[in-house]
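Here the structure is laid out as structure tokens; the discussion comes afterwards.
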Amino acid sequence: MAAGKPSRTLPFAAETAALGVVFGDIGTSPLYAFKQGMLAASSTGDIDANVFGLLSLITWAIILSVTIKYVMLVLRADNDGEGGILALVTLLDLQRGATGKRLFLLAAGLIGGAMLIGDGVLTPAISVLSAIEGLEVIAPALDHWIVAATVLVILVVFISQRAGTDRIGAFYGPVMLVWFTTLGGIGIYGIIQAPEVLLAFDPRHGLALLIDHPGLAGVVLGATFLAITGGEALYADLGHFGRPVITRAWLFVAMPALLLNYYGQGAHVLINREAVRNPFYDLSPDVIDVPLLVLATAATVIASQAIITGVFSLAKQAIELGYLPPMRIRYTSEHNDQHIYIGRLNWIMMVACAAIVVSFGSSDRLASAYGIAVAMAMVATTILFVAYVRRAWKWPLPLLIGLAGGLSVIDLSFAAANLTKLQDGGWLPVAIAGVVLVVMVSWRRGLEGLGIQQRRFTEPLEDFVARGRPSACAVSPRTAIFLSRGAAVTPVALGRLSDLLNIQFSRSVIVSVWIASRPRVPVDERVRVTTIDPVHVRVDVRFGYMQQIDVPSVLGPALYAQGIDPDEAVYVIGHERIIPPDGIGGVRDALAHIFAFLARNAERSVDRFGLPRPRTIEIGYPVRL
């Protein structure tokens, strides 16, 4: 079975696994979403109206935003089975350069991607913290250990990433199946106590809450949005399981369990006003409080793992598409190239996440910062999705306008509501996303500037070959493999060895590595060989943006076909030493300095492309931007 394709033989097993990977984030929202909504509406003084109004808003947010938008519509926009906001960027072919309207779309995609990375720092913090806060209800004497215990759990989560998703994810699906079953079970337990709560399904209750209290509409909608954070993961994890599996897992397990639990919490508050302080834990019978705390903590660990894995996947896509500097990527599964570990990113997220828990101290305060990044990412997804529908599905204009208008009303309402959180901590994920966006823009512009400057060091490959070997040129008996940024351009290392040292090789192979606009390139399409003359051979190697890049393994068969032993050849690569402008006279100079810093700390080509270190030579040269 191909990596990333859904299972056909064990559908229930695939759907169980999807519960752990795809729905971990949204599945832990009942720990804090209803509670925050009730706190946001508390000043109205009418608890019953607040319960019915809030449940109505949560219900229809889940139906409209998650079920209709993502499950029924957006999941159909896949790039060879892969989803996520950068998949939409590649489907629209925006990464190859954009101007005008396409530049706007590219900006939306990059902003959305940056926002999701920023969200990846906050999700583990609020999920684990809200679970551990169950100690306030179960054992109030231990509440002063909540922050310390949360930090400890978060450290364990991030440190364990080195083990790989295969190992640490072995029990994800079954645990989350138990979690969703528990959510639904205690929800039914609450509904039985006050069945009239089911009347909250009527959308008029939600509209009445917003209309009767317009001053609270923003904060109430912002709190309601917490119930659907994680909805973006359904699309981002599309490649892991496929649309049918995700759809069934959502419609038949996750969504019913979530709605039952929210209604159960609402019913419990109707008969016990004091339960507003923590309706999730107050709802459950006392006898299962401790097991529920343990299960909730396990569920939040899984939710954290899911978002961390998603950030790793998003970062890899951005790296291969040229929007983030190369970082050491370790593939943790022999069977699935989506299971990766990016150590540098993992440690940065761990430190930031622990610092956020210590700084905010409670899920109530952290909820003010949470949600805004996801809301902005959802807006970006809608913009790109509508553009994709227009281009690929060719819907009639009236239908397209209706789609754009309907999705925009939902997403912009939540985005505007979340903007009210900016002063109360919402600036934090925006700031994190801003840093990521600056890095993306700096790296992309730096690569473009580097390409321009490199052309001053080299010449067209045709001209170099046409000149032939100088009469006094020393010829090495070895075959050399040169990596080139452009197939038609002479590699800088090849030109420098010839011009400065008067050295050439008996055979020279010029290899260009290309990243395709699709996640995977079939084996029979990866290599194209062009024989220029008896000495020079040009090889174009193509990988998908989700594939492991191992140049020697892909290149070997092609070299054997040319009569070259790949195990005897040496690799010669150029290594640029970026020299930024002397001063900073504007934004362009600032971006150049950032690019120079990133380039100094980026993973080197010898590691990124899997080159054999004993047979690799790096030739450095300065490049001034």
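For the structure tokens, the naming scheme is as follows: chains receive sequential letters (A, B, ...) according to their order of presentation, residues are indexed from 1 within each chain, and ligands are indexed from 1 in presentation order.
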
Spatial neighbours of Gly574 (chain A), 8 Å, only C-alpha atoms, chain gap at least 3 places, as number ranges by chain: A: 483, 491-493, 618-621

Take the residues just selected and output them with N, CA and C atoms as an mmCIF file, in the first residue's frame.
```
data_model
loop_
_atom_site.group_PDB
_atom_site.id
_atom_site.type_symbol
_atom_site.label_atom_id
_atom_site.label_comp_id
_atom_site.auth_asym_id
_atom_site.auth_seq_id
_atom_site.Cartn_x
_atom_site.Cartn_y
_atom_site.Cartn_z
ATOM 1 N N LEU A 483 26.556 19.054 -8.166
ATOM 2 C CA LEU A 483 25.181 19.499 -7.958
ATOM 3 C C LEU A 483 25.034 20.916 -8.487
ATOM 4 N N PRO A 491 27.808 24.337 -13.026
ATOM 5 C CA PRO A 491 27.969 24.452 -11.573
ATOM 6 C C PRO A 491 29.187 25.299 -11.225
ATOM 7 N N VAL A 492 29.049 26.147 -10.223
ATOM 8 C CA VAL A 492 30.143 27.029 -9.833
ATOM 9 C C VAL A 492 31.388 26.211 -9.479
ATOM 10 N N ALA A 493 31.203 25.085 -8.768
ATOM 11 C CA ALA A 493 32.346 24.265 -8.369
ATOM 12 C C ALA A 493 33.084 23.727 -9.588
ATOM 13 N N GLU A 618 33.358 19.876 -0.686
ATOM 14 C CA GLU A 618 32.649 21.153 -0.700
ATOM 15 C C GLU A 618 33.613 22.263 -1.077
ATOM 16 N N ILE A 619 33.213 23.059 -2.033
ATOM 17 C CA ILE A 619 34.022 24.196 -2.468
ATOM 18 C C ILE A 619 33.266 25.476 -2.115
ATOM 19 N N GLY A 620 33.810 26.212 -1.186
ATOM 20 C CA GLY A 620 33.136 27.423 -0.731
ATOM 21 C C GLY A 620 33.523 28.637 -1.558
ATOM 22 N N TYR A 621 32.605 29.574 -1.640
ATOM 23 C CA TYR A 621 32.878 30.824 -2.346
ATOM 24 C C TYR A 621 31.935 31.896 -1.810
#
```

message: Set the distance at 6 Å and use only C-alpha atoms: which residues neighbour region 52-69 of chain A once local chain neighbours fewer than 3 positions away are removed? I'd like the list as a PyMOL selection string.
response: chain A and resi 49+72-73+200-201+203+205-206+209+224+231

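CA of Asp364 (chain A) is found 26.5 Å from CA of Ile159 (chain A).
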
query: Which of these residues is nearest to Ala488 (chain A), using only C-alpha atoms: A:Ala474, A:Leu94, A:Val465, A:Ile348?
result: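 Distance minimum relative to Ala488 (chain A) lands on A:Val465.
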
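Between CA of Gly583 (chain A) and CA of Ala433 (chain A) there is a distance of 26.5 Å.
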
query: Could you name the residues that touch Ser130 (chain A) at 7 Å or less, counting only C-alpha atoms, but leaving out those on the same chain fewer than 3 positions away, as a ChimeraX atom specification?
result: /A:31-32,126-127,133,363

task: Extract, using only C-alpha atoms, all DNA, RNA and protein residues at most 10 Å from Val439 (chain A), discarding same-chain residues fewer than 4 positions from it, and format them as number ranges by chain.
output: A: 114, 323-325, 433-435, 443-445, 591, 594-595, 598

task: Could you pull out the residues in region 313-420 of chain A that DSSP calls alpha helix (DSSP H) from the backbone, as a VMD selection string?
output: chain A and resid 313 to 320 343 to 360 363 to 367 372 to 388 397 to 419

message: Here is a test: counting only C-alpha atoms, which residue of A:Cys473, A:Ser512, A:Gly544, A:Tyr263 is nearest to Leu500 (chain A)?
response: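 With only C-alpha atoms as the atom set, the closest residue is A:Cys473.
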
Residue nearest His339 (chain A) - candidates A:Arg162, A:Arg243, A:Arg391, A:Arg204, atoms counted: only C-alpha atoms: A:Arg162

Using only C-alpha atoms, find each residue of region 401-433 of chain A with at least one atom at most 9 Å away from an atom of region 216-220 of chain A; report its shortest atom-to-atom pair and that distance in Å (one decimal), sort the rows by chain and rising residue number, and return the result as a tab-separated table.
```
residue	atom	partner	partner_atom	distance
A:Ser413	CA	A:Gly218	CA	8.7
A:Phe414	CA	A:Gly218	CA	8.4
A:Ala416	CA	A:Gly218	CA	7.4
A:Ala417	CA	A:Gly218	CA	4.3
A:Asn418	CA	A:Gly218	CA	7.3
A:Leu419	CA	A:Gly218	CA	8.5
A:Thr420	CA	A:Gly218	CA	6.7
A:Lys421	CA	A:Val219	CA	7.9
```

Expected file: the selected residues, C-alpha atoms, as a compact mmCIF listing (two decimals), in the first residue's frame:
```
# COMPACT_ATOMS: atom_id res chain seq x y z
CA SER A 413 -17.24 36.30 11.69
CA PHE A 414 -14.96 34.06 13.73
CA ALA A 416 -13.33 39.28 13.61
CA ALA A 417 -14.44 37.84 16.95
CA ASN A 418 -10.97 36.49 17.65
CA LEU A 419 -9.39 39.84 16.85
CA THR A 420 -10.97 41.10 20.07
CA LYS A 421 -8.45 38.87 21.87
```

- request: Do a neighbour search on Glu82 (chain A) at 7 Å with only C-alpha atoms, toss out local chain neighbours closer than 4 positions, and write the hits as a list in words.
  value: Asp78, Ala87, Leu238, Gly239 and Pro519 of chain A

For the selection you just gave me, I'd like the residues written to a file as an mmCIF file, in the first residue's frame, keeping N, CA and C atoms.
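Here's the written file selection-v7.cif:
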```cif
data_model
loop_
_atom_site.group_PDB
_atom_site.id
_atom_site.type_symbol
_atom_site.label_atom_id
_atom_site.label_comp_id
_atom_site.auth_asym_id
_atom_site.auth_seq_id
_atom_site.Cartn_x
_atom_site.Cartn_y
_atom_site.Cartn_z
ATOM 1 N N ASP A 78 -7.636 17.922 -3.156
ATOM 2 C CA ASP A 78 -6.389 17.272 -2.750
ATOM 3 C C ASP A 78 -5.378 17.309 -3.885
ATOM 4 N N ALA A 87 -0.764 22.583 0.190
ATOM 5 C CA ALA A 87 -1.224 21.775 -0.940
ATOM 6 C C ALA A 87 -2.056 22.642 -1.886
ATOM 7 N N LEU A 238 -5.126 14.920 5.503
ATOM 8 C CA LEU A 238 -5.824 14.178 4.461
ATOM 9 C C LEU A 238 -4.965 13.061 3.877
ATOM 10 N N GLY A 239 -3.675 13.335 3.678
ATOM 11 C CA GLY A 239 -2.794 12.348 3.065
ATOM 12 C C GLY A 239 -2.569 11.120 3.905
ATOM 13 N N PRO A 519 3.010 16.027 -4.195
ATOM 14 C CA PRO A 519 3.661 15.448 -3.024
ATOM 15 C C PRO A 519 4.626 14.309 -3.337
#
```

message: I want to know what sits within 8 Å of Arg600 (chain A), based on only C-alpha atoms, with residues of the same chain fewer than 2 positions away left out; could you give that as a list of chain:residue names?
response: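 Counting only the stated atoms, we get A:Arg577, A:Ile578, A:Ala596, A:Phe597, A:Leu598, A:Ala602.
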
Go ahead and save the residues from that selection, with N, CA and C atoms, as a PDB file, in the first residue's frame.
```pdb
ATOM      1  N   ARG A 577      29.052  31.309   0.821  1.00  0.00           N
ATOM      2  CA  ARG A 577      29.184  32.096   2.057  1.00  0.00           C
ATOM      3  C   ARG A 577      28.522  33.435   1.787  1.00  0.00           C
ATOM      4  N   ILE A 578      27.342  33.611   2.375  1.00  0.00           N
ATOM      5  CA  ILE A 578      26.531  34.792   2.091  1.00  0.00           C
ATOM      6  C   ILE A 578      27.091  36.003   2.826  1.00  0.00           C
ATOM      7  N   ALA A 596      21.197  35.812   5.405  1.00  0.00           N
ATOM      8  CA  ALA A 596      22.580  35.406   5.667  1.00  0.00           C
ATOM      9  C   ALA A 596      22.677  34.603   6.961  1.00  0.00           C
ATOM     10  N   PHE A 597      21.943  35.044   7.989  1.00  0.00           N
ATOM     11  CA  PHE A 597      21.943  34.310   9.256  1.00  0.00           C
ATOM     12  C   PHE A 597      21.340  32.926   9.071  1.00  0.00           C
ATOM     13  N   LEU A 598      20.221  32.861   8.370  1.00  0.00           N
ATOM     14  CA  LEU A 598      19.565  31.563   8.142  1.00  0.00           C
ATOM     15  C   LEU A 598      20.457  30.633   7.331  1.00  0.00           C
ATOM     16  N   ALA A 602      21.622  26.813   8.222  1.00  0.00           N
ATOM     17  CA  ALA A 602      20.805  25.834   7.518  1.00  0.00           C
ATOM     18  C   ALA A 602      21.564  24.521   7.374  1.00  0.00           C
TER      19      ALA A 602
END
```

- prompt: With distances taken over only C-alpha atoms, which of A:Tyr560, A:Tyr545, A:Tyr571, A:Phe241 is nearest to Gln95 (chain A)?
  reply: A:Tyr545

- request: Would you mind reading off the distance between CA of Met350 (chain A) and CA of Val157 (chain A), one decimal, in Å?
  value: 8.7 Å

Which of A:Ala141, A:Ala18, A:Ala148, A:Val436 sits closest to Pro244 (chain A) [using only C-alpha atoms]: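 The shortest atom-to-atom distance to Pro244 (chain A) comes from A:Ala18.
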
query: Which of these, A:Val178, A:Val74, A:Ile573, A:Leu428, has the shortest distance to Ala298 (chain A) once you count only C-alpha atoms?
result: A:Val178

- request: Could you give me the residues within region 325-524 of chain A that DSSP places in strand (DSSP E), as a ChimeraX atom specification?
  value: /A:329-331,340-342,474-484,503-515

Would you save the residues from that selection as an mmCIF file, in the first residue's frame, using C-alpha atoms?
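Listing of selection_24.cif after writing:
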```cif
data_model
loop_
_atom_site.group_PDB
_atom_site.id
_atom_site.type_symbol
_atom_site.label_atom_id
_atom_site.label_comp_id
_atom_site.auth_asym_id
_atom_site.auth_seq_id
_atom_site.Cartn_x
_atom_site.Cartn_y
_atom_site.Cartn_z
ATOM 1 C CA ILE A 329 14.888 15.932 8.904
ATOM 2 C CA ARG A 330 14.942 12.432 10.305
ATOM 3 C CA TYR A 331 12.540 9.895 8.843
ATOM 4 C CA ILE A 340 9.375 12.716 10.275
ATOM 5 C CA TYR A 341 11.192 14.444 13.103
ATOM 6 C CA ILE A 342 12.739 17.915 12.852
ATOM 7 C CA ALA A 474 45.090 18.117 -15.534
ATOM 8 C CA VAL A 475 42.545 15.329 -15.866
ATOM 9 C CA SER A 476 41.515 13.294 -12.835
ATOM 10 C CA PRO A 477 40.706 9.642 -13.615
ATOM 11 C CA ARG A 478 37.711 9.839 -11.247
ATOM 12 C CA THR A 479 34.130 10.594 -12.157
ATOM 13 C CA ALA A 480 32.775 13.694 -10.435
ATOM 14 C CA ILE A 481 29.134 14.412 -9.700
ATOM 15 C CA PHE A 482 28.389 18.133 -9.462
ATOM 16 C CA LEU A 483 25.181 19.499 -7.958
ATOM 17 C CA SER A 484 23.773 22.433 -9.910
ATOM 18 C CA ILE A 503 41.523 20.553 -13.217
ATOM 19 C CA GLN A 504 38.798 18.540 -14.889
ATOM 20 C CA PHE A 505 37.558 14.955 -14.563
ATOM 21 C CA SER A 506 37.394 12.010 -16.928
ATOM 22 C CA ARG A 507 33.605 12.082 -16.585
ATOM 23 C CA SER A 508 31.495 14.917 -15.160
ATOM 24 C CA VAL A 509 27.873 14.395 -14.167
ATOM 25 C CA ILE A 510 25.867 17.585 -13.623
ATOM 26 C CA VAL A 511 22.902 16.849 -11.371
ATOM 27 C CA SER A 512 19.988 19.206 -10.787
ATOM 28 C CA VAL A 513 17.500 18.394 -8.020
ATOM 29 C CA TRP A 514 13.977 19.628 -8.658
ATOM 30 C CA ILE A 515 11.046 19.652 -6.234
#
```
